[in-house]
Amino acid sequence: MGQSFPPLFPPQASTVALEVDALYALLVAITAFFTLLVAGLFLFFGLKYRRKSESERPIQVHPPAWLEIAWSVIPLLICVVLFVWGVQLYFKIYTPPKDAVTIHVVGKRWMWKIQHMSGAREINELHVPVGVPIRLLLTSEDTIHAFSLPAFRIKRDAIPGTMTTTWFNATKVGSYHIFCAEYCGTKHSGMIGTVHVMEKDAYQRWLSGPNAGLPPAVQGAKLFEELNCISCHRAGANQRGPVLEGLYGKPVELKSGAKVIADDAYIRESIVNPTAKMVNGFEPLMPVYLNQLSEEQVNALLTYVRDVLGKAEPPAVSGAAPSPAPATTGSPAPPPPLGSPRPPGAQPPLGS
Amino acid sequence: MSTPNHTSVHTEEANYLTNETTIQSWLLTKDHKRIALLYLLSVTLFFTVGGLFASLVRIELLTPAGDFMSSEMYNQAFTSHGVMMIFFFLIPAVPAVLGNFLIPLMVGAKDLAFPKINLASWYIFMVGASLAVFAVLTGGLDTGWTLYPPYSSTYSQSRVALAVAGVFVAGFASILTGVNFIATIHRMRAPGLTWFRLPLFVWAHYATSLVMVLGTPVIAITMVLLFLERVFGFGFFDPAKGGDPVLFQHLFWFYSHPAVYIMILPAMGVISEIISTFSRQKLFGYSFVAMSSLAIAILGFLVWGHHMFTTSQSAYTGILFSALTFLVAIPSAIKAFNWTATLYKGSVSWETPMLFAFGFMGLFLIGGLTGLFLATMGMDIHLQDTYFVVSHFHYVMVGGGVMGYMGGIHFWWPKITGRMYSNFWSKLSALFIFAGFNFTFFPQFILGYMGMPRRYHSYPEEWQVLNVMSTLGASILAIGYLLPAIYLTHSLFLGKKAPANPWGATGLEWKTASPPPPHNFHETPIVTTEAYDYQSLPLSETPEKSHV
């Protein structure tokens, strides 16, 4: 691979990798400095003042107070720098940009199931375009897993019952390791895969290749209809649940008075366990879909609520006649063109 | 410190080892010194078992493919290694062996405050350990020592309930030992032995005891919850039943992070004694070092969330845990600087215990400083659950904890057994352990940064060189640990008789015979000076080089 042997760094293949490596280099320097300083002094004093006769009684040294203060305060200041940089970098690594392309990842012993919004699906392989921010939404069907991409310096746990987020922007075309980093049983070390960073055209071709399938937004629309979600989630006289058009990313007021942002984790939780965060003004009438839907189905519904309904205009102030229009009007969303990562929203199903 | 002069008067009279010799006199003893030896034998056994499992792990990792044993066996091997080493060696090692033996001697008492409870704690410990060993030998345990659900509660086919019961039971031994130490240090100090005249070993054990008493009940209740979940299908941690698997991690680390301080604080106490003795200086910044033990014990309870930066834990919660974690680094830094400064203008003698103390310094510095990497949130994302973490905690718990324990065993061996050991072989052992340890674990930092996840049975081929280095290092380390088994056993029977104070040290434990009489002191010592008062150490207390 042309690298020095054995290599000290994994490939630097994402926009954050350089900064993580720079912080690592600083930490290595701090570690080396203090280890050599203290161990060196220990050895130096130990040799310089080594016992010459058994009857030696050295003069008692009384430490000056400033010395104790100095070696408490200087490490503390170094820690403050590391702390601030670390927090800043943490938010950078875990806060996807607004225009990131979403990919759903479901961990299941012992594989990674990956769903692209275009409909392409794959297992233990992840094809992504170079230079495009990719947002990963992670969950698990069984034990806790962790999706680890060392070349991108990112990792996030995939936790059953919860949705977690991470993102990356790959900078180098190539293939890199995917690992499961959270111990998950017998074939934990077999829960590995490869991320393929591709040129944009190649990626576009790949999307429509043999892995192509029904886009999750379309699957979600179907489920939305089959489960008859619309009978309650619509404005008008029969409204029994919050209207979902334009909901995604907006603040929601809960019964408790608290406000939450309707992000992916919130919407996912509200599908599987609707009473966990009751929206103000509604009664707990919705069936609980916990254990009723597979993680893929939940993700499809979530995608529909996020990418189709979420992009739709909220309905006009209630009072408008309830519209009987089904949730899915128009044709399924086509695979997203690059650069406009989210699938374009369908027409607002309800009259505006 | 001045004590009634009774040196060399009672060399021929019965000591605690010889005054009774029946099996019963050992198994029903209430003498803290004999109970310490019962613990010594037990933890040595569990260390050996844990070490054998470590060997299996290292042999498997010689090649990238999982070819030496099955995945199931490998998972059981690293789990058994962790459970044995942490719960049945590291946690009890220094406190239950050295603390048990020395705290009454150091405070000038006849025994611990509750001798029967002390004996009971050993039996409880053995019951817990037997359950865990039984679980490991029949059906094994494959959850990792961290026992995370839902894997441990729902998916694992192994003996989780039994092992969990073992950890639960053994916890009570720890609580009882802690209570005993606290009561003894509060109530049984010799006349004149004020708090700030106490040896730092006692301060360190006082801080450790607080953690044992306050932290262990939390792991106990966590084990109960896990047991109920696994055996009766409760849903505390099961999302399918409305539970939360991350809740377990909070509970687990609320104990298990402070537990790291149970392993390291007493070892730090040992190092303070050794460094002071072998440089004939009062420990630099005595009160800072004493208070830093308490600071570590208290702050140690407030940092558990740093194990969960990559979970669903809120980022804002994470910030708080990161800040508190950096804060806990400061008292450790204070100790390291003060230890080093103690040598300044001292009279330094490089006996075997001092070599272990130097080894401790080198390894603990690296272990502690690599902790900063993991406290740094943005850095931890990449390092979490990799070999970097594995290496970091081995540097702290083995490099720090076990080096301290080995140093302590070598320092007080003459007191415990009344015999000296081989100077040459013991120094060689210290060297082998130091070199072997670095050879084993340093490559793992690099593997971790490369991204190698922990608990992997097989791994990509490009990491073989570093893994082979690590396994070779482990062989050197194993020799380093085997040597003491030989020369210490040899010394037990053929070693030169040790004088009361072979190192010219100041503590009260050196004022009584080696080995001490059954009730430690013939007359209660009276303390008139501070600890480590080498100025007033009489020349008569300075032995000629009495050992080979």
# chains A, B, ... in the order shown; residues from 1 in each chain; ligands from 1
>>> interface_residues(of="chain A", to="chain B", cutoff="7 Å", atoms="only C-alpha atoms", output="mmCIF file with N, CA and C atoms, in the first residue's frame")
data_model
loop_
_atom_site.group_PDB
_atom_site.id
_atom_site.type_symbol
_atom_site.label_atom_id
_atom_site.label_comp_id
_atom_site.auth_asym_id
_atom_site.auth_seq_id
_atom_site.Cartn_x
_atom_site.Cartn_y
_atom_site.Cartn_z
ATOM 1 N N LEU A 8 1.066 3.706 11.126
ATOM 2 C CA LEU A 8 0.654 4.273 12.414
ATOM 3 C C LEU A 8 -0.722 4.917 12.353
ATOM 4 N N PHE A 9 -1.159 5.246 11.139
ATOM 5 C CA PHE A 9 -2.455 5.900 10.974
ATOM 6 C C PHE A 9 -3.292 5.122 9.955
ATOM 7 N N PRO A 10 -4.595 5.028 10.179
ATOM 8 C CA PRO A 10 -5.438 4.488 9.112
ATOM 9 C C PRO A 10 -5.548 5.519 7.994
ATOM 10 N N VAL A 20 -8.983 15.082 13.469
ATOM 11 C CA VAL A 20 -8.849 14.054 14.508
ATOM 12 C C VAL A 20 -7.373 13.677 14.654
ATOM 13 N N LEU A 27 -2.122 15.130 21.513
ATOM 14 C CA LEU A 27 -2.215 14.281 22.705
ATOM 15 C C LEU A 27 -0.987 13.389 22.846
ATOM 16 N N THR A 31 1.553 13.433 25.993
ATOM 17 C CA THR A 31 1.870 12.183 26.695
ATOM 18 C C THR A 31 3.371 11.938 26.713
ATOM 19 N N THR A 35 5.552 12.011 30.149
ATOM 20 C CA THR A 35 6.138 10.722 30.517
ATOM 21 C C THR A 35 7.652 10.849 30.612
ATOM 22 N N VAL A 38 8.655 13.288 33.686
ATOM 23 C CA VAL A 38 8.527 12.754 35.041
ATOM 24 C C VAL A 38 9.391 11.510 35.220
ATOM 25 N N ALA A 39 9.298 10.571 34.272
ATOM 26 C CA ALA A 39 10.119 9.366 34.408
ATOM 27 C C ALA A 39 11.599 9.735 34.324
ATOM 28 N N LEU A 41 13.023 12.634 35.246
ATOM 29 C CA LEU A 41 13.431 13.242 36.516
ATOM 30 C C LEU A 41 13.579 12.186 37.607
ATOM 31 N N PHE A 42 12.644 11.240 37.605
ATOM 32 C CA PHE A 42 12.686 10.168 38.597
ATOM 33 C C PHE A 42 14.011 9.418 38.492
ATOM 34 N N PHE A 45 17.035 11.981 39.405
ATOM 35 C CA PHE A 45 17.189 12.143 40.864
ATOM 36 C C PHE A 45 17.642 10.827 41.497
ATOM 37 N N GLY A 46 17.070 9.747 40.998
ATOM 38 C CA GLY A 46 17.386 8.429 41.566
ATOM 39 C C GLY A 46 18.854 8.075 41.422
ATOM 40 N N TYR A 49 21.107 11.219 43.390
ATOM 41 C CA TYR A 49 21.056 11.183 44.852
ATOM 42 C C TYR A 49 21.090 9.760 45.383
ATOM 43 N N ARG A 50 21.710 8.866 44.628
ATOM 44 C CA ARG A 50 21.675 7.470 45.086
ATOM 45 C C ARG A 50 22.500 7.329 46.364
ATOM 46 N N ARG A 51 22.077 6.391 47.153
ATOM 47 C CA ARG A 51 22.639 6.241 48.500
ATOM 48 C C ARG A 51 24.095 5.839 48.429
ATOM 49 N N GLU A 54 25.078 3.623 54.121
ATOM 50 C CA GLU A 54 23.847 3.220 54.795
ATOM 51 C C GLU A 54 23.466 4.195 55.913
ATOM 52 N N SER A 55 24.413 4.980 56.374
ATOM 53 C CA SER A 55 24.087 5.872 57.486
ATOM 54 C C SER A 55 23.629 7.245 57.003
ATOM 55 N N GLU A 56 23.468 7.385 55.698
ATOM 56 C CA GLU A 56 23.013 8.667 55.158
ATOM 57 C C GLU A 56 21.664 9.076 55.740
ATOM 58 N N ARG A 57 21.579 10.333 56.176
ATOM 59 C CA ARG A 57 20.295 10.895 56.608
ATOM 60 C C ARG A 57 20.116 12.211 55.871
ATOM 61 N N PRO A 58 19.447 12.197 54.712
ATOM 62 C CA PRO A 58 19.394 13.418 53.897
ATOM 63 C C PRO A 58 18.648 14.538 54.608
ATOM 64 N N GLN A 60 15.939 17.129 55.181
ATOM 65 C CA GLN A 60 14.534 17.142 54.788
ATOM 66 C C GLN A 60 14.246 18.332 53.872
ATOM 67 N N PRO A 63 8.776 21.440 50.638
ATOM 68 C CA PRO A 63 8.334 21.938 49.339
ATOM 69 C C PRO A 63 7.714 23.320 49.454
ATOM 70 N N TRP A 71 2.181 22.738 39.603
ATOM 71 C CA TRP A 71 1.941 21.465 38.927
ATOM 72 C C TRP A 71 0.504 20.969 39.065
ATOM 73 N N SER A 72 -0.347 21.750 39.722
ATOM 74 C CA SER A 72 -1.780 21.483 39.615
ATOM 75 C C SER A 72 -2.387 22.319 38.502
ATOM 76 N N PRO A 75 -1.208 21.438 34.428
ATOM 77 C CA PRO A 75 -1.984 20.350 33.806
ATOM 78 C C PRO A 75 -3.451 20.722 33.600
ATOM 79 N N LEU A 76 -3.998 21.485 34.537
ATOM 80 C CA LEU A 76 -5.406 21.874 34.416
ATOM 81 C C LEU A 76 -5.616 22.721 33.153
ATOM 82 N N CYS A 79 -5.582 20.605 30.200
ATOM 83 C CA CYS A 79 -6.844 19.859 30.130
ATOM 84 C C CYS A 79 -7.960 20.733 29.555
ATOM 85 N N LEU A 82 -7.670 20.721 25.802
ATOM 86 C CA LEU A 82 -8.104 19.442 25.229
ATOM 87 C C LEU A 82 -9.619 19.303 25.304
ATOM 88 N N PHE A 83 -10.165 19.710 26.445
ATOM 89 C CA PHE A 83 -11.608 19.605 26.653
ATOM 90 C C PHE A 83 -12.371 20.404 25.596
ATOM 91 N N GLY A 86 -11.955 18.955 22.149
ATOM 92 C CA GLY A 86 -12.676 17.686 22.071
ATOM 93 C C GLY A 86 -14.179 17.880 21.918
ATOM 94 N N VAL A 87 -14.738 18.806 22.673
ATOM 95 C CA VAL A 87 -16.185 19.060 22.599
ATOM 96 C C VAL A 87 -16.536 19.594 21.215
ATOM 97 N N LEU A 89 -14.954 19.222 18.436
ATOM 98 C CA LEU A 89 -14.814 18.187 17.409
ATOM 99 C C LEU A 89 -15.950 17.165 17.493
ATOM 100 N N TYR A 90 -16.364 16.881 18.712
ATOM 101 C CA TYR A 90 -17.465 15.927 18.916
ATOM 102 C C TYR A 90 -18.723 16.416 18.218
ATOM 103 N N THR A 143 -28.987 -6.962 19.515
ATOM 104 C CA THR A 143 -28.123 -6.453 20.581
ATOM 105 C C THR A 143 -27.601 -5.070 20.172
ATOM 106 N N PRO A 150 -13.027 3.425 10.640
ATOM 107 C CA PRO A 150 -11.772 4.056 11.080
ATOM 108 C C PRO A 150 -11.197 5.025 10.055
ATOM 109 N N ARG A 153 -12.707 8.105 10.771
ATOM 110 C CA ARG A 153 -12.604 8.467 12.195
ATOM 111 C C ARG A 153 -13.982 8.625 12.837
ATOM 112 N N ILE A 154 -14.952 7.870 12.378
ATOM 113 C CA ILE A 154 -16.259 7.953 13.024
ATOM 114 C C ILE A 154 -16.711 6.587 13.512
ATOM 115 N N LYS A 155 -17.610 6.630 14.459
ATOM 116 C CA LYS A 155 -18.168 5.425 15.057
ATOM 117 C C LYS A 155 -19.424 5.838 15.791
ATOM 118 N N ARG A 156 -20.440 4.992 15.717
ATOM 119 C CA ARG A 156 -21.617 5.285 16.537
ATOM 120 C C ARG A 156 -22.312 3.979 16.874
ATOM 121 N N ASP A 157 -22.831 3.889 18.088
ATOM 122 C CA ASP A 157 -23.540 2.680 18.498
ATOM 123 C C ASP A 157 -24.869 2.577 17.771
ATOM 124 N N PRO A 160 -30.752 -1.060 19.921
ATOM 125 C CA PRO A 160 -32.146 -1.440 19.699
ATOM 126 C C PRO A 160 -33.074 -0.483 20.444
ATOM 127 N N GLY A 161 -34.165 -0.132 19.794
ATOM 128 C CA GLY A 161 -35.134 0.743 20.447
ATOM 129 C C GLY A 161 -34.815 2.220 20.331
ATOM 130 N N THR A 164 -29.781 6.465 16.358
ATOM 131 C CA THR A 164 -28.635 7.353 16.551
ATOM 132 C C THR A 164 -28.152 7.848 15.187
ATOM 133 N N ALA A 181 -18.029 -2.476 16.355
ATOM 134 C CA ALA A 181 -17.104 -2.235 17.465
ATOM 135 C C ALA A 181 -17.705 -2.580 18.815
ATOM 136 N N GLU A 182 -19.004 -2.821 18.880
ATOM 137 C CA GLU A 182 -19.591 -3.168 20.183
ATOM 138 C C GLU A 182 -19.870 -4.654 20.187
ATOM 139 N N TYR A 183 -19.298 -5.331 21.173
ATOM 140 C CA TYR A 183 -19.368 -6.793 21.226
ATOM 141 C C TYR A 183 -20.816 -7.278 21.150
ATOM 142 N N CYS A 184 -21.085 -8.203 20.231
ATOM 143 C CA CYS A 184 -22.466 -8.625 19.985
ATOM 144 C C CYS A 184 -22.597 -10.140 19.894
ATOM 145 N N THR A 186 -21.251 -14.339 19.212
ATOM 146 C CA THR A 186 -20.357 -15.311 18.573
ATOM 147 C C THR A 186 -19.555 -14.743 17.403
ATOM 148 N N LYS A 187 -20.246 -14.220 16.394
ATOM 149 C CA LYS A 187 -19.530 -13.799 15.181
ATOM 150 C C LYS A 187 -19.319 -12.283 15.141
ATOM 151 N N HIS A 188 -19.110 -11.712 16.310
ATOM 152 C CA HIS A 188 -18.861 -10.264 16.402
ATOM 153 C C HIS A 188 -17.771 -9.833 15.430
ATOM 154 N N SER A 189 -16.665 -10.599 15.393
ATOM 155 C CA SER A 189 -15.553 -10.183 14.536
ATOM 156 C C SER A 189 -15.820 -10.492 13.061
ATOM 157 N N LEU A 290 -44.629 -1.078 18.449
ATOM 158 C CA LEU A 290 -43.459 -1.776 18.993
ATOM 159 C C LEU A 290 -43.626 -3.276 18.747
ATOM 160 N N ASN A 291 -42.623 -3.910 18.192
ATOM 161 C CA ASN A 291 -42.632 -5.352 17.889
ATOM 162 C C ASN A 291 -43.633 -5.725 16.803
#
>>> residues_around(residues="Asp201 (chain A)", least_positions_apart="3", cutoff="12 Å", atoms="only C-alpha atoms", output="MDAnalysis selection string")
chainID A and resid 128:130 197:198 204:208 337:338
>>> write_last_selection(atoms="C-alpha atoms", output="PDB file, in the first residue's frame")
ATOM      1  CA  VAL A 128     -21.139   6.285  -1.246  1.00  0.00           C
ATOM      2  CA  PRO A 129     -20.179   9.140  -3.543  1.00  0.00           C
ATOM      3  CA  VAL A 130     -17.020  11.100  -2.851  1.00  0.00           C
ATOM      4  CA  VAL A 197     -16.138   5.608  -1.923  1.00  0.00           C
ATOM      5  CA  MET A 198     -16.920   6.192  -5.609  1.00  0.00           C
ATOM      6  CA  GLN A 204     -25.059   7.135  -9.916  1.00  0.00           C
ATOM      7  CA  ARG A 205     -24.620   4.102 -12.140  1.00  0.00           C
ATOM      8  CA  TRP A 206     -24.284   1.861  -9.125  1.00  0.00           C
ATOM      9  CA  LEU A 207     -27.545   3.171  -7.669  1.00  0.00           C
ATOM     10  CA  SER A 208     -29.518   2.002 -10.682  1.00  0.00           C
ATOM     11  CA  PRO A 337     -30.129  13.219  -8.123  1.00  0.00           C
ATOM     12  CA  LEU A 338     -26.847  14.073  -6.540  1.00  0.00           C
TER      13      LEU A 338
END
